[in-house]
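Structure first, then comments.
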Amino acid sequence: MSGGTCVILGSAESSADVVVCGGGPAGSAAAATLARLGLDVLLLTGAARRNPWVETVPIELGALLPALGLPATSLLQVGQRCCWDDERRTALHLDRTMFDGLLRRAVAAAGARSWAGQAAERVMRDGARIAGLTTVSGLTVRARAVVDASGMRGWLRRRLALADRRLSPPMVAWRGQVAGLPAGLGDCRARFSPFAEGWLHLATSRGRTTWTRLQGDRRVGEPPAELAHLPMIVPPRACDVSWRLARPVAGPGWLLAGDAGGRLDPGWGQGLLFAVISGLAAARTAAACLAAPTQEAMHLSAYDGWFADRIFDGAATLRRRYAGSGIRLPSEDEAGPVRIPA
């Protein structure tokens with residue numbers, strides 16, 4: 001069947017070599033890579049929605065795009081090169097709506113099929129092996145492998161009741177966007193400001209400022225004082241950013257990628273980069289397993305170890321960075337459970 005996006009109505013059953021759940025960066029990277037490797041791929045995506053954020057990402061992200069069939073320079077079509085306020089480092093400010101659209105075009109160009117407006121619901125098994133899934137609307141997909149890149153929803157992690165290893169106390173970050181720039185920070189700049197109980201990150205691009213704040217008092221959702229006088233574009237939103245890692249992140253017939261497998265808070269600065277890298281790695285691992293079924297356990301173990309090492313290394317880096325900046329994260333007892341405001 002040719003690639004492209006379609007909306008499935010009514011009862012249907014399909015099959016694929018690999019079904020990928022989640023149309024974010026990790027899922028798109030996995031689907032495009034698998035299709036480029038010659039496999040029959042079905043990508044399930046949720047309801048399309050605009051992602052309003054401007055995100056600061058490492059320049060290295062561009063080097064990954066050729067593996068998805070995209071020129072590295074295409075990042076400049078969906079973002080801008082920016083400077084940190086110390087002017088010694090450069091990065092990229094990505095418009096997430098445009099970047100996500102770029103990845104979806106890569107999926108279609110690679111020849112993967114997409115079912116829009118679908119989300120995985122139940123797991124299909126063949127003994128101990130995952131053999132497919134059903135969607136919330138009752139559609140059935142039989143597959144030789146399943147890649148879950150459903151983000152923080154963690155569909156497959158929940159269905160398989162995987163252990164969720166917590167690497168930090170409960171943490172919440174607030175994010176919002178205003179029109180205009182703060183005093184002292186020009187356009188296309190980034191600033192990271194630590195303080196005793198957390199940090200504030202500002203990203204300016206095309207006359208707007210996206211702000212993200214991690215703070216001990218998780219009830220505080222107002223814009224930072226330096227932005228309070230500027231018109232609001234996106235009201236403050238809260239997100240659980242506790243550090244965690246699913247154990248394991250791969251098993252017979254399945255793999256987790258991106259936030260579905262593990263995450264750290266945005267202070268890591270590698271979240272979007274890691275989503276794409278893990279999507280690529282999950283795709284190559286799944287392809288290797290299908291090509292040599294007798295070596296599946298070895299390939300899955302290697303992927304699980306690689307994924308865990310990246311999260312553990314990132315957590316160690318963050319702890320050192322926070323300690324060096326005088327940031328004191330709350331203890332488990334002080335923080336209490338995560339409660340995201342409605």
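Just remember, in the structure tokens the first chain shown is A, the second B, etc., residues are 1-based per chain, and ligands are 1-based in the order shown.
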
Selection near Ile327 in chain A, 12 Å with only C-alpha atoms, sequence-local residues under 5 positions removed, as an MDAnalysis selection string: chainID A and resid 193:200 214:216 267 318:322

Write out as a PDB file with C-alpha atoms, in the first residue's frame all residues of range 42-271 of chain A that backbone DSSP assigns to strand (DSSP E).
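Here's the written file states_27.pdb:
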```pdb
ATOM      1  CA  LEU A  42       1.850   1.779   9.901  1.00  0.00           C
ATOM      2  CA  LEU A  43       2.010   4.932  12.030  1.00  0.00           C
ATOM      3  CA  LEU A  44      -0.848   5.676  14.434  1.00  0.00           C
ATOM      4  CA  VAL A  54       9.602  27.543  20.516  1.00  0.00           C
ATOM      5  CA  GLU A  55      12.251  25.101  21.736  1.00  0.00           C
ATOM      6  CA  THR A  56      15.981  25.554  22.114  1.00  0.00           C
ATOM      7  CA  VAL A  57      17.767  22.487  20.721  1.00  0.00           C
ATOM      8  CA  GLY A  79      13.702  27.462  13.045  1.00  0.00           C
ATOM      9  CA  GLN A  80      16.465  29.982  13.560  1.00  0.00           C
ATOM     10  CA  ARG A  81      20.049  29.816  14.691  1.00  0.00           C
ATOM     11  CA  CYS A  82      20.214  31.512  18.095  1.00  0.00           C
ATOM     12  CA  CYS A  83      22.774  32.585  20.675  1.00  0.00           C
ATOM     13  CA  TRP A  84      22.733  32.066  24.409  1.00  0.00           C
ATOM     14  CA  THR A  90      24.901  28.767  19.643  1.00  0.00           C
ATOM     15  CA  ALA A  91      21.824  26.576  19.326  1.00  0.00           C
ATOM     16  CA  LEU A  92      18.616  26.410  17.295  1.00  0.00           C
ATOM     17  CA  HIS A  93      15.182  27.748  18.104  1.00  0.00           C
ATOM     18  CA  LEU A  94      12.618  25.438  16.535  1.00  0.00           C
ATOM     19  CA  ASP A  95       9.003  26.264  15.848  1.00  0.00           C
ATOM     20  CA  ARG A 113       1.160   4.495   6.032  1.00  0.00           C
ATOM     21  CA  SER A 114      -0.504   6.687   8.646  1.00  0.00           C
ATOM     22  CA  TRP A 115      -3.803   6.388  10.455  1.00  0.00           C
ATOM     23  CA  ALA A 120      -3.551   2.376  20.661  1.00  0.00           C
ATOM     24  CA  GLU A 121      -5.759   0.771  23.291  1.00  0.00           C
ATOM     25  CA  ARG A 122      -5.245  -2.965  23.811  1.00  0.00           C
ATOM     26  CA  VAL A 123      -2.347  -5.328  23.230  1.00  0.00           C
ATOM     27  CA  MET A 124      -2.621  -8.427  21.050  1.00  0.00           C
ATOM     28  CA  ARG A 125      -0.427 -11.342  22.145  1.00  0.00           C
ATOM     29  CA  ASP A 126       0.982 -14.517  20.702  1.00  0.00           C
ATOM     30  CA  ARG A 129       5.123 -12.025  22.363  1.00  0.00           C
ATOM     31  CA  ILE A 130       3.354  -8.793  21.351  1.00  0.00           C
ATOM     32  CA  ALA A 131       1.660  -9.485  18.015  1.00  0.00           C
ATOM     33  CA  GLY A 132      -0.278  -6.274  17.384  1.00  0.00           C
ATOM     34  CA  LEU A 133      -2.867  -4.017  18.947  1.00  0.00           C
ATOM     35  CA  THR A 134      -6.371  -2.647  18.791  1.00  0.00           C
ATOM     36  CA  THR A 135      -7.152   1.075  18.756  1.00  0.00           C
ATOM     37  CA  THR A 140      -7.166  -4.165  14.704  1.00  0.00           C
ATOM     38  CA  VAL A 141      -3.530  -4.105  13.593  1.00  0.00           C
ATOM     39  CA  ARG A 142      -1.484  -7.283  13.441  1.00  0.00           C
ATOM     40  CA  ALA A 143       2.262  -6.632  13.402  1.00  0.00           C
ATOM     41  CA  ARG A 144       5.576  -8.390  13.748  1.00  0.00           C
ATOM     42  CA  ALA A 145       6.779  -5.616  16.058  1.00  0.00           C
ATOM     43  CA  VAL A 146       5.316  -2.625  17.916  1.00  0.00           C
ATOM     44  CA  VAL A 147       7.190   0.594  18.677  1.00  0.00           C
ATOM     45  CA  ASP A 148       5.520   2.726  21.343  1.00  0.00           C
ATOM     46  CA  ALA A 163       8.259  -1.042  36.401  1.00  0.00           C
ATOM     47  CA  ASP A 164       8.624   2.751  36.448  1.00  0.00           C
ATOM     48  CA  ARG A 165      11.965   3.621  37.989  1.00  0.00           C
ATOM     49  CA  ARG A 166      11.864   7.096  39.502  1.00  0.00           C
ATOM     50  CA  VAL A 172       6.503  20.038  37.618  1.00  0.00           C
ATOM     51  CA  ALA A 173       7.500  22.625  35.013  1.00  0.00           C
ATOM     52  CA  TRP A 174       5.330  25.514  33.844  1.00  0.00           C
ATOM     53  CA  ARG A 175       5.471  26.863  30.309  1.00  0.00           C
ATOM     54  CA  GLY A 176       3.819  29.779  28.542  1.00  0.00           C
ATOM     55  CA  GLN A 177       4.327  32.238  25.706  1.00  0.00           C
ATOM     56  CA  VAL A 178       4.008  36.015  25.390  1.00  0.00           C
ATOM     57  CA  ALA A 179       4.217  38.537  22.558  1.00  0.00           C
ATOM     58  CA  ARG A 189      18.306  34.529  22.091  1.00  0.00           C
ATOM     59  CA  ALA A 190      18.180  31.971  24.888  1.00  0.00           C
ATOM     60  CA  ARG A 191      18.736  32.486  28.598  1.00  0.00           C
ATOM     61  CA  PHE A 192      18.925  29.948  31.427  1.00  0.00           C
ATOM     62  CA  SER A 193      18.669  31.523  34.898  1.00  0.00           C
ATOM     63  CA  PRO A 194      19.120  29.257  37.944  1.00  0.00           C
ATOM     64  CA  PHE A 195      17.833  30.125  41.402  1.00  0.00           C
ATOM     65  CA  GLY A 198      14.765  25.787  40.257  1.00  0.00           C
ATOM     66  CA  TRP A 199      15.398  27.671  37.036  1.00  0.00           C
ATOM     67  CA  LEU A 200      13.846  29.847  34.340  1.00  0.00           C
ATOM     68  CA  HIS A 201      14.498  29.397  30.627  1.00  0.00           C
ATOM     69  CA  LEU A 202      13.599  32.067  28.058  1.00  0.00           C
ATOM     70  CA  ALA A 203      13.612  31.506  24.286  1.00  0.00           C
ATOM     71  CA  THR A 204      12.953  34.506  22.036  1.00  0.00           C
ATOM     72  CA  SER A 205      12.102  34.069  18.361  1.00  0.00           C
ATOM     73  CA  ARG A 208       7.701  36.235  20.921  1.00  0.00           C
ATOM     74  CA  THR A 209       9.074  34.690  24.089  1.00  0.00           C
ATOM     75  CA  THR A 210       8.478  31.130  25.254  1.00  0.00           C
ATOM     76  CA  TRP A 211       9.235  30.688  28.948  1.00  0.00           C
ATOM     77  CA  THR A 212       9.699  27.504  30.959  1.00  0.00           C
ATOM     78  CA  ARG A 213      10.118  27.454  34.722  1.00  0.00           C
ATOM     79  CA  LEU A 214      10.929  24.667  37.140  1.00  0.00           C
ATOM     80  CA  MET A 232      -0.113  36.533  26.633  1.00  0.00           C
ATOM     81  CA  ILE A 233      -0.189  34.257  23.573  1.00  0.00           C
ATOM     82  CA  VAL A 234      -0.351  30.863  25.305  1.00  0.00           C
ATOM     83  CA  PRO A 235      -1.552  30.710  28.937  1.00  0.00           C
ATOM     84  CA  PRO A 236       0.748  28.939  31.418  1.00  0.00           C
ATOM     85  CA  ARG A 237       0.532  25.162  31.350  1.00  0.00           C
ATOM     86  CA  ALA A 238       1.928  22.656  33.833  1.00  0.00           C
ATOM     87  CA  CYS A 239       3.625  19.368  32.981  1.00  0.00           C
ATOM     88  CA  ASP A 240       4.964  16.507  35.088  1.00  0.00           C
ATOM     89  CA  ARG A 244      11.830   8.333  35.192  1.00  0.00           C
ATOM     90  CA  LEU A 245      12.824   5.244  33.239  1.00  0.00           C
ATOM     91  CA  ALA A 246      10.648   2.272  32.278  1.00  0.00           C
ATOM     92  CA  ARG A 247      12.215  -1.093  33.022  1.00  0.00           C
ATOM     93  CA  ALA A 250      12.162  -3.546  25.065  1.00  0.00           C
ATOM     94  CA  GLY A 251      10.858  -7.099  24.980  1.00  0.00           C
ATOM     95  CA  TRP A 254       8.040  -4.431  21.281  1.00  0.00           C
ATOM     96  CA  LEU A 255      10.187  -1.368  21.996  1.00  0.00           C
ATOM     97  CA  LEU A 256       9.650   1.986  23.705  1.00  0.00           C
ATOM     98  CA  GLY A 262      12.103   7.575  29.870  1.00  0.00           C
ATOM     99  CA  ARG A 263      12.526  11.284  30.375  1.00  0.00           C
TER     100      ARG A 263
END
```

CA of Ala287 in chain A to CA of Leu34 in chain A, distance in Å rounded to a single decimal: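 These atoms are spaced 6.9 Å apart.
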
Those in range 6-127 of chain A with alpha helix (DSSP H) from DSSP, as JSON, numbers by chain: {"A": [25, 26, 27, 28, 29, 30, 31, 32, 33, 34, 35, 36, 96, 97, 98, 99, 100, 101, 102, 103, 104, 105, 106, 107, 108, 109, 110]}

Length of the CA of Gly127 in chain A to CA of Tyr303 in chain A vector [Å]: 22.4 Å

Who sits within 8 Å of Leu227 in chain A, only C-alpha atoms, same chain under 2 positions skipped, as a ChimeraX atom specification: /A:178,181-182,223-225,229-230

Selection above as a file: N, CA and C atoms, as a short mmCIF file (atom, residue, chain, number, x, y, z; two decimals), in the first residue's frame:
```
data_model
loop_
_atom_site.label_atom_id
_atom_site.label_comp_id
_atom_site.auth_asym_id
_atom_site.auth_seq_id
_atom_site.Cartn_x
_atom_site.Cartn_y
_atom_site.Cartn_z
N VAL A 178 4.50 34.64 25.45
CA VAL A 178 4.01 36.02 25.39
C VAL A 178 4.49 36.66 24.10
N LEU A 181 9.50 40.87 23.82
CA LEU A 181 10.76 40.39 24.36
C LEU A 181 11.00 41.01 25.73
N PRO A 182 11.66 40.29 26.62
CA PRO A 182 11.99 40.86 27.92
C PRO A 182 13.11 41.89 27.79
N PRO A 223 3.24 34.03 34.67
CA PRO A 223 4.45 34.34 33.90
C PRO A 223 5.50 34.97 34.81
N PRO A 224 6.77 34.85 34.48
CA PRO A 224 7.82 35.51 35.26
C PRO A 224 7.57 37.02 35.31
N ALA A 225 8.04 37.65 36.37
CA ALA A 225 7.79 39.07 36.57
C ALA A 225 8.27 39.91 35.39
N HIS A 229 4.19 42.12 31.92
CA HIS A 229 3.58 43.27 31.24
C HIS A 229 3.30 43.01 29.77
N LEU A 230 3.74 41.84 29.26
CA LEU A 230 3.61 41.55 27.83
C LEU A 230 2.33 40.76 27.56
#
```
